[in-house]
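J.: For reference, this is target_24.cif, and it has mmCIF, C-alpha atoms.
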data_start
loop_
_atom_site.label_atom_id
_atom_site.label_comp_id
_atom_site.auth_asym_id
_atom_site.auth_seq_id
_atom_site.Cartn_x
_atom_site.Cartn_y
_atom_site.Cartn_z
CA MET D 953 3.56 10.18 6.08
CA LEU D 954 0.24 11.13 4.50
CA ILE D 955 -0.98 8.56 1.96
CA ALA D 956 -3.95 9.14 -0.32
CA THR D 957 -5.46 7.24 -3.22
CA THR D 958 -6.54 10.59 -4.66
CA PRO D 959 -4.26 13.01 -6.56
CA TYR D 960 -4.69 15.60 -3.78
CA ILE D 961 -5.20 15.86 -0.01
CA ALA D 962 -7.86 18.26 1.23
CA GLY D 963 -6.32 21.22 3.03
CA TRP D 964 -2.83 20.58 1.64
CA ARG D 965 -1.00 21.92 -1.41
CA VAL D 966 1.69 20.08 -3.36
CA GLN D 967 4.87 22.11 -3.09
CA GLU D 968 7.19 19.69 -4.87
CA THR D 969 6.97 16.35 -6.66
CA ARG D 970 9.79 13.98 -5.73
CA GLY D 971 8.93 11.08 -8.04
CA HIS D 972 7.43 7.65 -8.35
CA VAL D 973 7.84 5.29 -5.39
CA PHE D 974 6.92 1.68 -4.80
CA GLY D 975 7.19 -1.12 -2.29
CA LEU D 976 7.37 -4.70 -3.57
CA VAL D 977 6.88 -7.96 -1.66
CA VAL D 978 6.78 -11.55 -2.95
CA ARG D 979 5.42 -14.13 -0.54
CA SER D 980 4.63 -17.81 -0.48
CA ARG D 981 2.43 -19.66 1.98
CA GLY D 982 4.23 -22.57 3.64
CA LEU D 983 3.23 -26.18 3.08
CA GLY D 984 1.15 -26.32 6.28
CA GLY D 985 -0.76 -23.18 5.31
CA ASN D 986 -1.40 -24.50 1.82
CA ILE D 987 -2.78 -27.77 3.20
CA MET D 988 -5.08 -25.95 5.65
CA ALA D 989 -6.24 -23.55 2.94
CA GLY D 990 -6.89 -26.47 0.59
CA LEU D 991 -9.01 -28.21 3.22
CA ARG D 992 -10.95 -25.01 3.94
CA SER D 993 -11.63 -24.45 0.23
CA ILE D 994 -13.54 -27.74 0.08
CA GLY D 995 -16.23 -26.31 2.36
CA GLY D 996 -16.26 -22.88 0.74
CA GLY D 997 -16.07 -19.48 2.42
CA GLU D 998 -13.17 -17.28 3.34
CA ILE D 999 -9.69 -18.80 3.40
CA HIS D 1000 -8.33 -17.10 6.53
CA GLU D 1001 -4.74 -18.27 5.94
CA TYR D 1002 -4.58 -16.46 2.60
CA THR D 1003 -6.47 -13.40 3.85
CA SER D 1004 -3.95 -12.98 6.67
CA LEU D 1005 -1.03 -13.53 4.30
CA LEU D 1006 -2.25 -10.87 1.86
CA GLU D 1007 -3.09 -8.35 4.61
CA ASP D 1008 0.41 -8.70 6.07
CA THR D 1009 1.97 -8.48 2.61
CA ARG D 1010 0.06 -5.27 1.76
CA ARG D 1011 1.17 -3.67 5.03
CA GLN D 1012 4.79 -4.59 4.30
CA ALA D 1013 4.52 -3.23 0.74
CA ILE D 1014 3.17 0.08 2.12
CA ASP D 1015 6.00 0.23 4.67
CA ARG D 1016 8.59 -0.26 1.91
CA MET D 1017 6.91 2.39 -0.26
CA VAL D 1018 6.97 4.85 2.67
CA GLN D 1019 10.68 4.11 3.26
CA ASN D 1020 11.39 4.92 -0.41
CA ALA D 1021 9.37 8.15 -0.22
CA THR D 1022 11.15 9.16 2.99
CA MET D 1023 14.55 8.65 1.32
CA LEU D 1024 13.40 11.08 -1.40
CA GLY D 1025 12.48 13.67 1.24
CA ALA D 1026 8.72 13.40 0.69
CA ASN D 1027 6.10 13.79 3.40
CA ALA D 1028 3.15 12.41 1.40
CA ILE D 1029 2.27 9.90 -1.29
CA LEU D 1030 -0.51 10.67 -3.74
CA SER D 1031 -2.47 8.43 -6.13
CA MET D 1032 -1.43 5.33 -4.17
CA ARG D 1033 -2.46 1.99 -5.66
CA PHE D 1034 -1.92 -1.73 -5.13
CA ASP D 1035 -1.21 -4.27 -7.82
CA SER D 1036 -0.90 -8.02 -7.37
CA THR D 1037 0.24 -10.96 -9.45
CA GLU D 1038 0.43 -14.69 -8.91
CA LEU D 1039 3.83 -16.20 -9.67
CA ALA D 1040 4.33 -19.90 -10.48
CA ASN D 1041 1.00 -20.78 -8.81
CA THR D 1042 2.75 -20.73 -5.41
CA MET D 1043 3.67 -17.11 -4.76
CA SER D 1044 1.92 -13.76 -4.62
CA GLU D 1045 3.54 -10.48 -5.60
CA ILE D 1046 2.07 -7.32 -4.10
CA VAL D 1047 3.27 -3.86 -5.05
CA ALA D 1048 2.15 -0.58 -3.51
CA TYR D 1049 2.99 2.47 -5.61
CA GLY D 1050 2.29 6.18 -5.90
CA THR D 1051 3.80 9.62 -6.35
CA ALA D 1052 6.05 10.96 -3.59
CA VAL D 1053 5.46 14.65 -2.92
CA VAL D 1054 6.17 17.38 -0.43
CA VAL D 1055 2.92 18.96 0.76
CA VAL D 1056 2.29 22.03 2.89
CA GLN D 1057 -0.91 23.06 4.61
CA ASP D 1058 -2.95 25.40 2.45
CA PRO D 1059 -4.14 28.38 4.52
CA ASN D 1060 -6.72 29.19 1.82
CA ALA D 1061 -8.40 25.78 2.06
CA PRO D 1062 -11.93 25.72 3.46
CA GLN D 1063 -11.92 24.97 7.19
CA PRO D 1064 -14.21 22.30 8.66
CA LEU D 1065 -17.21 23.47 10.64
CA GLU D 1066 -16.94 22.91 14.38
#
Just give me the structure as C-alpha coordinates.
T.:
Amino acid sequence: MLIATTPYIAGWRVQETRGHVFGLVVRSRGLGGNIMAGLRSIGGGEIHEYTSLLEDTRRQAIDRMVQNATMLGANAILSMRFDSTELANTMSEIVAYGTAVVVVQDPNAPQPLE
(Lines of atoms letter the chains of each structure in order from A and count residues from 1; the text may use other names and numbers.)
(Lines give C-alpha, C1' and ligand atoms only; values in the text may rest on other atoms or scores of the structure.)
Protein backbone atom coordinates (compact mmCIF):
# COMPACT_ATOMS: atom_id res chain seq x y z
CA MET A 1 0.00 0.00 0.00
CA LEU A 2 1.43 3.37 -1.00
CA ILE A 3 0.85 6.06 1.63
CA ALA A 4 1.58 9.74 1.05
CA THR A 5 0.94 12.91 3.01
CA THR A 6 0.64 14.73 -0.32
CA PRO A 7 -2.44 14.71 -2.58
CA TYR A 8 -0.45 12.89 -5.29
CA ILE A 9 2.38 10.37 -5.72
CA ALA A 10 5.07 11.18 -8.26
CA GLY A 11 4.92 8.84 -11.24
CA TRP A 12 1.40 7.62 -10.42
CA ARG A 13 -2.04 8.75 -11.57
CA VAL A 14 -5.25 8.46 -9.56
CA GLN A 15 -7.59 6.21 -11.49
CA GLU A 16 -10.37 6.02 -8.92
CA THR A 17 -11.20 7.50 -5.52
CA ARG A 18 -12.60 4.93 -3.09
CA GLY A 19 -13.31 7.22 -0.13
CA HIS A 20 -12.19 8.41 3.25
CA VAL A 21 -10.44 5.87 5.50
CA PHE A 22 -9.17 5.99 9.05
CA GLY A 23 -7.60 3.88 11.76
CA LEU A 24 -8.38 4.71 15.39
CA VAL A 25 -6.59 3.55 18.55
CA VAL A 26 -7.17 4.57 22.18
CA ARG A 27 -4.43 3.60 24.61
CA SER A 28 -3.60 4.04 28.26
CA ARG A 29 -0.24 3.59 29.93
CA GLY A 30 -0.37 1.13 32.83
CA LEU A 31 0.22 2.18 36.43
CA GLY A 32 3.88 1.10 36.36
CA GLY A 33 4.53 3.10 33.20
CA ASN A 34 2.82 6.17 34.64
CA ILE A 35 4.93 5.98 37.80
CA MET A 36 8.17 5.64 35.81
CA ALA A 37 7.16 8.47 33.48
CA GLY A 38 6.29 10.66 36.46
CA LEU A 39 9.69 10.03 38.02
CA ARG A 40 11.47 10.77 34.73
CA SER A 41 9.54 14.03 34.30
CA ILE A 42 11.06 15.36 37.53
CA GLY A 43 14.51 15.40 35.91
CA GLY A 44 13.29 16.68 32.55
CA GLY A 45 14.06 15.31 29.10
CA GLU A 46 12.35 12.73 26.96
CA ILE A 47 9.83 10.41 28.59
CA HIS A 48 10.74 7.17 26.81
CA GLU A 49 7.70 5.26 28.13
CA TYR A 50 5.31 7.71 26.46
CA THR A 51 7.39 8.02 23.29
CA SER A 52 7.30 4.25 22.85
CA LEU A 53 3.57 4.13 23.60
CA LEU A 54 2.77 6.80 20.99
CA GLU A 55 5.06 5.29 18.33
CA ASP A 56 3.37 1.90 18.75
CA THR A 57 -0.07 3.51 18.72
CA ARG A 58 0.66 5.42 15.48
CA ARG A 59 1.85 2.23 13.80
CA GLN A 60 -1.31 0.42 14.87
CA ALA A 61 -3.49 3.31 13.65
CA ILE A 62 -1.75 3.17 10.24
CA ASP A 63 -2.24 -0.61 10.08
CA ARG A 64 -5.98 -0.20 10.77
CA MET A 65 -6.26 2.56 8.15
CA VAL A 66 -4.52 0.32 5.58
CA GLN A 67 -6.91 -2.55 6.42
CA ASN A 68 -9.88 -0.23 5.79
CA ALA A 69 -8.40 0.98 2.48
CA THR A 70 -7.72 -2.61 1.41
CA MET A 71 -11.35 -3.56 2.11
CA LEU A 72 -12.37 -0.73 -0.25
CA GLY A 73 -10.10 -2.11 -2.98
CA ALA A 74 -7.59 0.76 -2.81
CA ASN A 75 -3.87 0.41 -3.40
CA ALA A 76 -2.85 3.83 -2.05
CA ILE A 77 -3.81 6.43 0.54
CA LEU A 78 -3.32 10.10 -0.22
CA SER A 79 -3.28 13.18 2.04
CA MET A 80 -2.63 10.98 5.09
CA ARG A 81 -2.64 12.76 8.46
CA PHE A 82 -2.51 11.97 12.16
CA ASP A 83 -4.66 13.52 14.84
CA SER A 84 -4.41 12.96 18.58
CA THR A 85 -6.47 13.76 21.63
CA GLU A 86 -6.06 13.20 25.34
CA LEU A 87 -9.06 11.55 27.00
CA ALA A 88 -9.76 11.80 30.74
CA ASN A 89 -6.11 12.69 31.44
CA THR A 90 -5.23 8.98 31.31
CA MET A 91 -5.69 7.91 27.70
CA SER A 92 -4.45 8.98 24.29
CA GLU A 93 -6.49 8.69 21.11
CA ILE A 94 -4.57 8.54 17.85
CA VAL A 95 -6.28 8.51 14.47
CA ALA A 96 -4.60 8.10 11.09
CA TYR A 97 -6.77 9.17 8.16
CA GLY A 98 -6.62 9.88 4.44
CA THR A 99 -8.23 9.27 1.07
CA ALA A 100 -8.22 5.72 -0.29
CA VAL A 101 -7.53 5.63 -4.03
CA VAL A 102 -6.60 3.30 -6.83
CA VAL A 103 -3.45 4.52 -8.57
CA VAL A 104 -1.74 3.35 -11.75
CA GLN A 105 1.74 4.14 -12.95
CA ASP A 106 1.77 7.12 -15.27
CA PRO A 107 3.86 6.35 -18.37
CA ASN A 108 4.01 10.09 -19.16
CA ALA A 109 5.62 10.98 -15.83
CA PRO A 110 9.21 12.21 -15.94
CA GLN A 111 11.66 9.37 -15.35
CA PRO A 112 14.50 9.72 -12.82
CA LEU A 113 18.00 10.18 -14.17
CA GLU A 114 20.26 7.17 -13.76
J.: What would the selection look like, as a PyMOL selection string, if the PyMOL selection byres ((chain D and resi 957) around 9) were run on the coordinates I just shared?
T.: chain D and resi 955-956+958-960+1029-1033+1050
J.: With distances taken over only C-alpha atoms, which of D:Asn1027, D:Glu1045, D:Leu1039, D:Asn1060 is nearest to Thr969 of chain D?
T.: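 When distances to Thr969 of chain D are compared using only C-alpha atoms, the smallest one comes from D:Asn1027.
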J.: Quick one: of D:Thr1009, D:Thr1003, D:Gln1019, D:Ser980, who's nearest to Met1043 of chain D, counting all atoms listed in the file?
T.: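 Of all the options, D:Ser980 lies closest to Met1043 of chain D.
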J.: Identify which of the residues D:Leu1005, D:Ala962, D:Met953, D:Met1023 lies closest to Pro1059 of chain D, counting all atoms listed in the file when measuring atom-to-atom distances.
T.: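 Using all atoms listed in the file, the shortest distance to Pro1059 of chain D belongs to D:Ala962.
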J.: Using all atoms listed in the file, which residues sit within 12 Å of Thr1037 of chain D once same-chain residues fewer than 4 positions away are excluded, as a PyMOL selection string?
T.: chain D and resi 976-979+1006+1041-1047
J.: Could you turn the residues from that selection into a file that holds C-alpha atoms, as a PDB file, in the coordinates of the input?
T.:
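That gives us selection_21.pdb:
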ATOM      1  CA  LEU D 976       7.370  -4.700  -3.570  1.00  0.00           C
ATOM      2  CA  VAL D 977       6.880  -7.960  -1.660  1.00  0.00           C
ATOM      3  CA  VAL D 978       6.780 -11.550  -2.950  1.00  0.00           C
ATOM      4  CA  ARG D 979       5.420 -14.130  -0.540  1.00  0.00           C
ATOM      5  CA  LEU D1006      -2.250 -10.870   1.860  1.00  0.00           C
ATOM      6  CA  ASN D1041       1.000 -20.780  -8.810  1.00  0.00           C
ATOM      7  CA  THR D1042       2.750 -20.730  -5.410  1.00  0.00           C
ATOM      8  CA  MET D1043       3.670 -17.110  -4.760  1.00  0.00           C
ATOM      9  CA  SER D1044       1.920 -13.760  -4.620  1.00  0.00           C
ATOM     10  CA  GLU D1045       3.540 -10.480  -5.600  1.00  0.00           C
ATOM     11  CA  ILE D1046       2.070  -7.320  -4.100  1.00  0.00           C
ATOM     12  CA  VAL D1047       3.270  -3.860  -5.050  1.00  0.00           C
TER      13      VAL D1047
END
J.: Pick out the closest residue to Val1055 of chain D from this set: D:Ala1040, D:Val973, D:Ala1021, D:Val966. Count only C-alpha atoms.
T.: D:Val966
J.: Identify, on the basis of all atoms listed in the file, every residue whose closest approach to Gly963 of chain D does not exceed 10 Å; exclude the query and any residue fewer than 4 positions from it along the same chain; express the result as a count of residues only.
T.: 10
J.: Near Gly971 of chain D, within 12 Å and counting only C-alpha atoms, which residues show up once chain neighbours fewer than 3 positions away are dropped, as a PDB file with C-alpha atoms, keeping the file's coordinate frame?
T.:
ATOM      1  CA  GLU D 968       7.190  19.690  -4.870  1.00  0.00           C
ATOM      2  CA  PHE D 974       6.920   1.680  -4.800  1.00  0.00           C
ATOM      3  CA  MET D1017       6.910   2.390  -0.260  1.00  0.00           C
ATOM      4  CA  ASN D1020      11.390   4.920  -0.410  1.00  0.00           C
ATOM      5  CA  ALA D1021       9.370   8.150  -0.220  1.00  0.00           C
ATOM      6  CA  THR D1022      11.150   9.160   2.990  1.00  0.00           C
ATOM      7  CA  MET D1023      14.550   8.650   1.320  1.00  0.00           C
ATOM      8  CA  LEU D1024      13.400  11.080  -1.400  1.00  0.00           C
ATOM      9  CA  GLY D1025      12.480  13.670   1.240  1.00  0.00           C
ATOM     10  CA  ALA D1026       8.720  13.400   0.690  1.00  0.00           C
ATOM     11  CA  ALA D1028       3.150  12.410   1.400  1.00  0.00           C
ATOM     12  CA  ILE D1029       2.270   9.900  -1.290  1.00  0.00           C
ATOM     13  CA  LEU D1030      -0.510  10.670  -3.740  1.00  0.00           C
ATOM     14  CA  SER D1031      -2.470   8.430  -6.130  1.00  0.00           C
ATOM     15  CA  TYR D1049       2.990   2.470  -5.610  1.00  0.00           C
ATOM     16  CA  GLY D1050       2.290   6.180  -5.900  1.00  0.00           C
ATOM     17  CA  THR D1051       3.800   9.620  -6.350  1.00  0.00           C
ATOM     18  CA  ALA D1052       6.050  10.960  -3.590  1.00  0.00           C
ATOM     19  CA  VAL D1053       5.460  14.650  -2.920  1.00  0.00           C
ATOM     20  CA  VAL D1054       6.170  17.380  -0.430  1.00  0.00           C
TER      21      VAL D1054
END
J.: One decimal, Å: what's the distance from atom CA of Arg1011 of chain D over to atom CA of Gly975 of chain D, could you say?
T.: 9.8 Å
